[in-house]
Amino acid sequence: MSQLFSKLAGLGTAAFVATVSSPILSWAAETMATNPQAANTTAWWVWPLVLLVVTFVMGIVAVLGGVGGGVLFVPIISGFFPFHLDFVRGAGLLVALAGALAAGPGLLRMNLASLRLAIPVALIASTCAIAGAMMGLALPTNVVQTALGATILGIVVIMLTAKKSDYPDVKESDSLSSALRIYGIYTEASTGKDINWKIHRTPLGLALFVIIGIMAGMFGLGAGWANVPVLNLLMGAPLKISVATSKFLLSITDTSAAWVYLNKGCVIPMIVVPSLIGIMFGSLVGVRILKVAKPAFIKWMVIGLLLFSGLKAITKGLGLPFFF
Amino acid sequence: MTDSKCSCVTKEASEEQMLYAALLEKGMYAGIGLLFITFAIYVFGIVSPAVPLSEIAKYWSMDSHTYLEAINQNALHLPHPPTGWAWATLLHKSDFMNFLGIALLAGITIFCYAAIIPTLLKKGDKAYAIMCVAEVLILALAASGLLAVGGH
């Protein structure tokens with residue numbers, strides 16, 4: 001019975017998402033394709049209102065699909081809205097930052113996010129995010145848009161192929177993580193067991209955060225899609241520690257890049273605030289739905305959305321027609 | 001998974017982690033609250049914006065460099081387009097007022113890092129104290145606006 005209810009709730013969510021978002025994105029794409037100037041002549045409040053509705057749906061989908069809002073926000077909003085990519089990336093970083101700031105305190109208190117693991121990683125990622133942000137703002141928009149599309153398609157591949165390990169087998173800590181005392185204990189709520197954890201391959205993991213930081217800053221994406229596989233599969237942190245530390249890490253990585261965008265004038269409050277409100281309330285609704293349903297196909301919907309918006313970003317960047 | 005070396009570790013979050021969490025929470029609530037209040041002031045026209053709401057759609061499809069030039073020429077009339085912390089001199093305009101909350105959200109992490117440095121030093125954890133000092137400097141550099149040179 002509960003399985004049936006769960007499936008029905010999932011189907012209802014998918015139907016709701018499709019019903020609300022599909023006509024809006026169709027309308028947005030059509031408006032932009034048939035008459036780009038119409039975007040400027042439409043009443044000023046129309047696009048922010050559409051943005052509020054779309055980001056609300058995005059917030060629901062992000063929670064159910066287990067992805068950060070930023071990774072959906074940048075490709076979809078830059079693909080279908082009249083806003084320049086500079087402002088979309090600035091808003092995307094602030095959306096991801098606000099989500100990470102909201103989750104951070106609770107995750108730190110529960111000892112699921114590890115400050116000792118986050119500090120060295122964040123130092124590298126946030127420094128590189130500044131470089132990424134500066135590179136992203138210096139490169140021509142079509143180049144960044146095309147690279148964004150390619151990155152989004154790469155994220156789809158990661159989502160399709162990357163496995164997760166609840167408790168990776170770490171036989172021995174490496175010397176760097178031992179010296180930095182990066183280990184801990186947490187209580188697994190589902191079993192009541194205390195889990196001792198430690199990590200390995202720290203130098204390689206830290207090196208990968210150079211690339212992750214640059215990409216986060218360049219595209220304005222939250223980088224949870226890359227943080228979690230590196231922390232979990234490569235460095236061997238348990239999945240819960242990886243997810244929680246990744247979420248907390250975004251509050252530091254995105255802070256450094258957000259300042260670059262803010263100081264370069266890439267922040268328009270009329271884009272940022274409706275996005276934040278939409279994502280926040282959507283996430284709250286998403287969490288409620290998540291309690292009664294675990295719709296696995298939402299993951300496929302997220303993959304489909306990313307695939308679609310990634311292709312849209314590539315065609316937009318290359319100036320090719322996109323049939324929608 | 002068990003490691004004999006981990007026996008010194010407790011299930012509870014460390015003192016510096018709890019301090020960081022407490023400060024982060026306060027800053028997050030203050031930033032979000034401030035952002036919502038200033039946005040309401042902006043949207044409901046309680047204080048006039050630099051760029052009228054009816055004209056905002058003219059600008060958001062421009063790249064950031066052109067946008068700053070355009071709003072400066074049409075609305076602000078400053079000697080230079082408002083990059084870096086120039087928004088702080090325009091807080092009497094409701095659109096720029098929103099940057100207070102945004103800056104608080106983007107700045108709270110710097111304070112969190114700075115706050116845990118004394119605790120780390122007290123514990124003799126020099127490596128982490130140095131990393132925290134470095135992080136404060138990196139984030140302060142990003143926040144300073146010194147990097148807001150060049151562009152498109």
# chains A, B, ... in the order shown; residues from 1 in each chain; ligands from 1
call {"tool": "residues_around", "arguments": {"residues": "Ile102 in chain B", "least_positions_apart": "6", "cutoff": "9 Å", "atoms": "only C-alpha atoms", "output": "mmCIF file with all heavy atoms, in the first residue's frame"}}
result
data_model
loop_
_atom_site.group_PDB
_atom_site.id
_atom_site.type_symbol
_atom_site.label_atom_id
_atom_site.label_comp_id
_atom_site.auth_asym_id
_atom_site.auth_seq_id
_atom_site.Cartn_x
_atom_site.Cartn_y
_atom_site.Cartn_z
ATOM 1 N N LEU A 94 24.762 32.596 -6.189
ATOM 2 C CA LEU A 94 24.092 33.031 -4.965
ATOM 3 C C LEU A 94 22.996 32.049 -4.545
ATOM 4 O O LEU A 94 22.777 31.844 -3.348
ATOM 5 C CB LEU A 94 23.533 34.447 -5.140
ATOM 6 C CG LEU A 94 24.630 35.519 -5.205
ATOM 7 C CD1 LEU A 94 24.088 36.847 -5.697
ATOM 8 C CD2 LEU A 94 25.299 35.709 -3.842
ATOM 9 N N LEU A 262 29.946 39.679 -7.900
ATOM 10 C CA LEU A 262 29.323 40.852 -7.267
ATOM 11 C C LEU A 262 30.128 42.109 -7.572
ATOM 12 O O LEU A 262 29.576 43.143 -7.962
ATOM 13 C CB LEU A 262 29.256 40.608 -5.748
ATOM 14 C CG LEU A 262 28.586 41.652 -4.865
ATOM 15 C CD1 LEU A 262 27.133 41.855 -5.272
ATOM 16 C CD2 LEU A 262 28.626 41.199 -3.398
ATOM 17 N N PRO A 269 19.456 42.334 -8.542
ATOM 18 C CA PRO A 269 18.549 41.815 -7.509
ATOM 19 C C PRO A 269 17.226 41.277 -8.059
ATOM 20 O O PRO A 269 16.700 40.300 -7.540
ATOM 21 C CB PRO A 269 18.306 43.033 -6.607
ATOM 22 C CG PRO A 269 19.536 43.857 -6.776
ATOM 23 C CD PRO A 269 19.956 43.678 -8.202
ATOM 24 N N GLY B 31 21.255 37.575 6.809
ATOM 25 C CA GLY B 31 21.399 37.884 5.384
ATOM 26 C C GLY B 31 20.110 37.656 4.612
ATOM 27 O O GLY B 31 19.670 38.514 3.842
ATOM 28 N N ILE B 32 19.490 36.495 4.843
ATOM 29 C CA ILE B 32 18.233 36.172 4.138
ATOM 30 C C ILE B 32 17.148 37.178 4.550
ATOM 31 O O ILE B 32 16.405 37.696 3.713
ATOM 32 C CB ILE B 32 17.775 34.721 4.469
ATOM 33 C CG1 ILE B 32 18.803 33.699 3.969
ATOM 34 C CG2 ILE B 32 16.369 34.461 3.919
ATOM 35 C CD1 ILE B 32 18.689 33.262 2.542
ATOM 36 N N LEU B 34 17.473 40.233 5.731
ATOM 37 C CA LEU B 34 17.783 41.561 5.169
ATOM 38 C C LEU B 34 17.455 41.602 3.668
ATOM 39 O O LEU B 34 16.905 42.594 3.160
ATOM 40 C CB LEU B 34 19.271 41.839 5.392
ATOM 41 C CG LEU B 34 19.763 43.277 5.329
ATOM 42 C CD1 LEU B 34 18.987 44.173 6.274
ATOM 43 C CD2 LEU B 34 21.252 43.328 5.675
ATOM 44 N N LEU B 35 17.763 40.507 2.999
ATOM 45 C CA LEU B 35 17.509 40.436 1.549
ATOM 46 C C LEU B 35 16.008 40.530 1.262
ATOM 47 O O LEU B 35 15.580 41.256 0.362
ATOM 48 C CB LEU B 35 18.081 39.116 1.009
ATOM 49 C CG LEU B 35 18.267 38.995 -0.499
ATOM 50 C CD1 LEU B 35 19.180 40.072 -1.037
ATOM 51 C CD2 LEU B 35 18.816 37.622 -0.849
#
call {"tool": "residues_around", "arguments": {"residues": "range 141-148 of chain B", "least_positions_apart": "5", "cutoff": "10 Å", "atoms": "only C-alpha atoms", "output": "PyMOL selection string"}}
result
(chain A and resi 126-127+130-131+134+255-265) or (chain B and resi 83-86+103+106-107+110+135-136)
call {"tool": "closest_residue", "arguments": {"among": "B:Lys122, B:His77, B:Lys93, B:Lys58", "to": "chain A", "atoms": "only C-alpha atoms"}}
result
B:Lys58
call {"tool": "closest_residue", "arguments": {"among": "B:Tyr67, B:Trp60, B:Tyr29, B:Trp87", "to": "chain A", "atoms": "only C-alpha atoms"}}
result
B:Trp60
call {"tool": "closest_atom_pairs", "arguments": {"of": "chain B", "to": "chain A", "cutoff": "7 Å", "atoms": "only C-alpha atoms", "output": "tab-separated table"}}
result
residue	atom	partner	partner_atom	distance
B:Met1	CA	A:Asn196	CA	5.9
B:Thr2	CA	A:Asn196	CA	5.4
B:Asp3	CA	A:Asn196	CA	6.9
B:Cys6	CA	A:Gly184	CA	6.9
B:Val9	CA	A:Gly184	CA	6.0
B:Thr10	CA	A:Ile185	CA	6.4
B:Lys11	CA	A:Ile185	CA	5.1
B:Glu12	CA	A:Asn111	CA	6.5
B:Ala13	CA	A:Asn111	CA	5.0
B:Gln17	CA	A:Leu115	CA	6.2
B:Met18	CA	A:Arg109	CA	6.0
B:Ala21	CA	A:Pro105	CA	4.3
B:Ala22	CA	A:Pro105	CA	6.7
B:Leu24	CA	A:Pro105	CA	6.2
B:Glu25	CA	A:Pro105	CA	5.6
B:Met28	CA	A:Leu101	CA	6.1
B:Leu53	CA	A:Trp44	CA	6.7
B:Ser54	CA	A:Trp44	CA	5.5
B:Ile56	CA	A:Trp44	CA	6.7
B:Ala57	CA	A:Asn40	CA	5.3
B:Lys58	CA	A:Asn40	CA	5.5
B:Trp60	CA	A:Phe83	CA	5.1
B:Ser61	CA	A:His84	CA	4.5
B:Met62	CA	A:His84	CA	5.9
B:Asp63	CA	A:His84	CA	5.8
B:Ser64	CA	A:Cys266	CA	5.5
B:Leu68	CA	A:Gly265	CA	6.8
B:Thr83	CA	A:Lys264	CA	5.4
B:Gly84	CA	A:Asn263	CA	4.0
B:Trp85	CA	A:Asn263	CA	6.6
B:Asp95	CA	A:Pro269	CA	6.9
B:Asn98	CA	A:Pro269	CA	6.4
B:Ala106	CA	A:Thr255	CA	5.2
B:Thr109	CA	A:Ile252	CA	6.5
B:Met131	CA	A:Pro120	CA	6.9
B:Glu135	CA	A:Leu123	CA	5.7
B:Ile138	CA	A:Thr127	CA	6.6
B:Leu139	CA	A:Ser256	CA	5.5
B:Ala142	CA	A:Trp259	CA	5.7
B:Ala143	CA	A:Trp259	CA	5.1
B:Gly145	CA	A:Asn263	CA	5.5
B:Leu147	CA	A:Val260	CA	6.9
B:Ala148	CA	A:Lys264	CA	5.3
B:Gly151	CA	A:Ala138	CA	4.9
B:His152	CA	A:Ala138	CA	5.3
call {"tool": "write_last_selection", "arguments": {"atoms": "N, CA and C atoms", "output": "compact mmCIF listing (two decimals), in the first residue's frame"}}
result
# COMPACT_ATOMS: atom_id res chain seq x y z
N MET B 1 36.47 -0.57 8.63
CA MET B 1 36.30 0.87 8.84
C MET B 1 36.95 1.33 10.15
N THR B 2 37.04 0.42 11.12
CA THR B 2 37.53 0.85 12.42
C THR B 2 39.03 1.10 12.38
N ASP B 3 39.43 2.13 13.05
CA ASP B 3 40.84 2.49 13.05
C ASP B 3 41.24 2.78 14.50
N CYS B 6 41.77 6.25 15.72
CA CYS B 6 40.64 7.17 15.84
C CYS B 6 40.06 7.19 17.26
N VAL B 9 38.96 10.37 18.87
CA VAL B 9 37.91 11.17 18.25
C VAL B 9 36.57 10.88 18.92
N THR B 10 35.78 11.93 19.10
CA THR B 10 34.46 11.72 19.70
C THR B 10 33.39 11.89 18.63
N LYS B 11 32.20 11.45 18.97
CA LYS B 11 31.09 11.57 18.02
C LYS B 11 30.62 13.01 17.91
N GLU B 12 30.87 13.78 18.97
CA GLU B 12 30.40 15.16 18.98
C GLU B 12 31.27 16.04 18.09
N ALA B 13 30.66 17.06 17.53
CA ALA B 13 31.42 18.01 16.73
C ALA B 13 32.40 18.77 17.62
N GLN B 17 34.10 23.61 15.37
CA GLN B 17 33.03 23.30 14.41
C GLN B 17 31.70 23.87 14.91
N MET B 18 31.45 23.73 16.22
CA MET B 18 30.21 24.25 16.80
C MET B 18 30.18 25.78 16.75
N ALA B 21 29.45 26.78 13.20
CA ALA B 21 28.04 26.54 12.88
C ALA B 21 27.15 27.65 13.47
N ALA B 22 27.44 28.04 14.71
CA ALA B 22 26.61 29.05 15.38
C ALA B 22 26.68 30.39 14.64
N LEU B 24 27.64 30.88 11.51
CA LEU B 24 27.10 30.73 10.15
C LEU B 24 25.58 30.85 10.16
N GLU B 25 24.97 30.23 11.17
CA GLU B 25 23.51 30.27 11.27
C GLU B 25 23.01 31.70 11.47
N MET B 28 23.50 33.68 8.27
CA MET B 28 22.59 33.23 7.20
C MET B 28 21.20 33.82 7.42
N LEU B 53 11.87 50.34 -12.10
CA LEU B 53 11.47 48.95 -12.35
C LEU B 53 11.00 48.74 -13.79
N SER B 54 10.32 49.75 -14.32
CA SER B 54 9.78 49.61 -15.68
C SER B 54 10.89 49.56 -16.74
N ILE B 56 14.02 48.05 -16.11
CA ILE B 56 15.02 47.03 -15.78
C ILE B 56 15.18 46.00 -16.91
N ALA B 57 14.07 45.71 -17.61
CA ALA B 57 14.12 44.70 -18.68
C ALA B 57 15.00 45.14 -19.85
N LYS B 58 15.26 46.44 -19.95
CA LYS B 58 16.13 46.93 -21.04
C LYS B 58 17.58 46.50 -20.84
N TRP B 60 18.81 43.69 -18.64
CA TRP B 60 19.27 42.38 -18.21
C TRP B 60 19.74 41.45 -19.32
N SER B 61 19.54 41.85 -20.57
CA SER B 61 20.09 41.01 -21.64
C SER B 61 21.47 41.50 -22.11
N MET B 62 21.93 42.61 -21.51
CA MET B 62 23.28 43.12 -21.85
C MET B 62 24.32 42.35 -21.06
N ASP B 63 25.57 42.31 -21.56
CA ASP B 63 26.62 41.74 -20.72
C ASP B 63 26.90 42.72 -19.57
N SER B 64 27.57 42.24 -18.55
CA SER B 64 27.69 43.03 -17.32
C SER B 64 28.43 44.36 -17.55
N LEU B 68 26.68 47.96 -16.87
CA LEU B 68 27.19 48.96 -15.92
C LEU B 68 27.37 50.32 -16.59
N THR B 83 31.58 49.44 -10.18
CA THR B 83 32.13 48.11 -9.89
C THR B 83 32.61 48.09 -8.44
N GLY B 84 33.10 46.92 -8.02
CA GLY B 84 33.63 46.79 -6.66
C GLY B 84 32.60 47.17 -5.61
N TRP B 85 33.04 47.97 -4.63
CA TRP B 85 32.15 48.34 -3.51
C TRP B 85 31.38 49.64 -3.77
N ASP B 95 17.21 49.60 -5.21
CA ASP B 95 17.80 48.46 -5.92
C ASP B 95 19.18 48.12 -5.36
N ASN B 98 19.51 46.17 -1.88
CA ASN B 98 19.49 44.70 -1.86
C ASN B 98 20.89 44.10 -1.70
N ALA B 106 27.39 36.65 1.39
CA ALA B 106 28.70 36.32 0.78
C ALA B 106 29.86 36.55 1.75
N THR B 109 31.07 33.83 5.78
CA THR B 109 32.09 32.76 5.87
C THR B 109 33.43 33.33 6.33
N MET B 131 45.91 27.51 7.77
CA MET B 131 44.99 27.37 6.63
C MET B 131 43.80 28.32 6.76
N GLU B 135 42.72 31.23 4.24
CA GLU B 135 41.36 31.31 3.66
C GLU B 135 40.75 32.69 3.87
N ILE B 138 42.34 34.97 1.35
CA ILE B 138 41.84 34.69 -0.02
C ILE B 138 40.43 35.28 -0.20
N LEU B 139 39.56 35.00 0.79
CA LEU B 139 38.18 35.49 0.66
C LEU B 139 38.14 37.01 0.78
N ALA B 142 39.08 38.38 -2.54
CA ALA B 142 37.95 38.30 -3.48
C ALA B 142 36.91 39.38 -3.16
N ALA B 143 36.67 39.59 -1.87
CA ALA B 143 35.65 40.56 -1.45
C ALA B 143 36.11 42.01 -1.63
N GLY B 145 37.34 43.66 -4.01
CA GLY B 145 37.07 44.35 -5.27
C GLY B 145 38.34 44.63 -6.06
N LEU B 147 40.06 42.55 -7.48
CA LEU B 147 40.10 41.67 -8.66
C LEU B 147 39.09 42.10 -9.72
N ALA B 148 38.31 43.14 -9.42
CA ALA B 148 37.26 43.58 -10.36
C ALA B 148 37.83 44.53 -11.40
N GLY B 151 37.64 42.58 -17.70
CA GLY B 151 36.31 42.05 -18.04
C GLY B 151 36.19 41.90 -19.52
N HIS B 152 34.96 42.06 -20.00
CA HIS B 152 34.69 41.80 -21.41
C HIS B 152 35.41 42.80 -22.30
call {"tool": "select_by_dssp", "arguments": {"residues": "range 54-187 of chain A", "states": "helix (DSSP H, G or I)", "output": "NGL selection string"}}
result
:A and (54-65 or 69-80 or 85-109 or 115-138 or 141-161 or 175-179)
call {"tool": "select_by_dssp", "arguments": {"residues": "range 61-280 of chain A", "states": "strand (DSSP E)", "output": "ChimeraX atom specification"}}
result
/A:183-187,194-198
call {"tool": "write_last_selection", "arguments": {"atoms": "all heavy atoms", "output": "short mmCIF file (atom, residue, chain, number, x, y, z; two decimals), in the first residue's frame"}}
result
data_model
loop_
_atom_site.label_atom_id
_atom_site.label_comp_id
_atom_site.auth_asym_id
_atom_site.auth_seq_id
_atom_site.Cartn_x
_atom_site.Cartn_y
_atom_site.Cartn_z
N TYR A 183 39.80 12.49 10.16
CA TYR A 183 39.01 11.29 10.42
C TYR A 183 37.95 11.64 11.43
O TYR A 183 37.93 12.77 11.95
CB TYR A 183 39.89 10.12 10.93
CG TYR A 183 40.96 10.50 11.93
CD1 TYR A 183 40.62 10.92 13.21
CD2 TYR A 183 42.32 10.43 11.59
CE1 TYR A 183 41.61 11.25 14.14
CE2 TYR A 183 43.31 10.75 12.49
CZ TYR A 183 42.95 11.16 13.77
OH TYR A 183 43.91 11.50 14.67
N GLY A 184 37.05 10.73 11.66
CA GLY A 184 35.98 11.05 12.62
C GLY A 184 35.06 9.87 12.87
O GLY A 184 35.30 8.75 12.41
N ILE A 185 34.04 10.16 13.65
CA ILE A 185 33.01 9.16 13.96
C ILE A 185 31.65 9.83 13.79
O ILE A 185 31.48 10.98 14.16
CB ILE A 185 33.10 8.67 15.43
CG1 ILE A 185 34.50 8.17 15.77
CG2 ILE A 185 32.06 7.58 15.71
CD1 ILE A 185 34.66 7.82 17.25
N TYR A 186 30.72 9.10 13.20
CA TYR A 186 29.34 9.57 13.24
C TYR A 186 28.42 8.39 13.47
O TYR A 186 28.80 7.23 13.24
CB TYR A 186 28.98 10.32 11.93
CG TYR A 186 28.67 9.43 10.76
CD1 TYR A 186 27.35 9.11 10.43
CD2 TYR A 186 29.69 8.91 9.97
CE1 TYR A 186 27.06 8.31 9.34
CE2 TYR A 186 29.41 8.10 8.89
CZ TYR A 186 28.09 7.79 8.58
OH TYR A 186 27.81 6.98 7.51
N THR A 187 27.22 8.71 13.96
CA THR A 187 26.26 7.64 14.22
C THR A 187 25.32 7.51 13.03
O THR A 187 24.69 8.48 12.63
CB THR A 187 25.44 7.94 15.50
OG1 THR A 187 26.35 8.12 16.58
CG2 THR A 187 24.48 6.81 15.82
N ASP A 194 27.86 3.29 15.34
CA ASP A 194 28.87 4.34 15.20
C ASP A 194 29.82 3.94 14.08
O ASP A 194 30.33 2.82 14.05
CB ASP A 194 29.66 4.50 16.50
CG ASP A 194 28.82 5.14 17.59
OD1 ASP A 194 27.76 5.72 17.25
OD2 ASP A 194 29.19 5.05 18.76
N ILE A 195 30.04 4.88 13.16
CA ILE A 195 30.91 4.60 12.02
C ILE A 195 32.20 5.41 12.16
O ILE A 195 32.18 6.63 12.19
CB ILE A 195 30.21 4.99 10.69
CG1 ILE A 195 28.82 4.37 10.57
CG2 ILE A 195 31.11 4.65 9.50
CD1 ILE A 195 28.80 2.89 10.38
N ASN A 196 33.31 4.71 12.28
CA ASN A 196 34.63 5.37 12.22
C ASN A 196 35.01 5.56 10.76
O ASN A 196 34.89 4.63 9.97
CB ASN A 196 35.70 4.48 12.87
CG ASN A 196 35.73 4.62 14.36
OD1 ASN A 196 35.84 5.73 14.88
ND2 ASN A 196 35.61 3.51 15.07
N TRP A 197 35.45 6.72 10.43
CA TRP A 197 35.85 6.91 9.03
C TRP A 197 37.21 7.61 8.93
O TRP A 197 37.63 8.31 9.86
CB TRP A 197 34.79 7.68 8.24
CG TRP A 197 34.54 9.09 8.73
CD1 TRP A 197 33.62 9.45 9.66
CD2 TRP A 197 35.21 10.28 8.32
NE1 TRP A 197 33.68 10.81 9.87
CE2 TRP A 197 34.64 11.35 9.05
CE3 TRP A 197 36.22 10.56 7.41
CZ2 TRP A 197 35.06 12.67 8.90
CZ3 TRP A 197 36.64 11.87 7.25
CH2 TRP A 197 36.06 12.91 8.00
N LYS A 198 37.86 7.37 7.85
CA LYS A 198 39.14 8.02 7.53
C LYS A 198 39.22 8.10 6.02
O LYS A 198 38.38 7.52 5.32
CB LYS A 198 40.30 7.22 8.12
CG LYS A 198 40.37 5.81 7.62
CD LYS A 198 41.31 4.96 8.44
CE LYS A 198 41.21 3.51 8.00
NZ LYS A 198 41.79 2.57 8.89
#
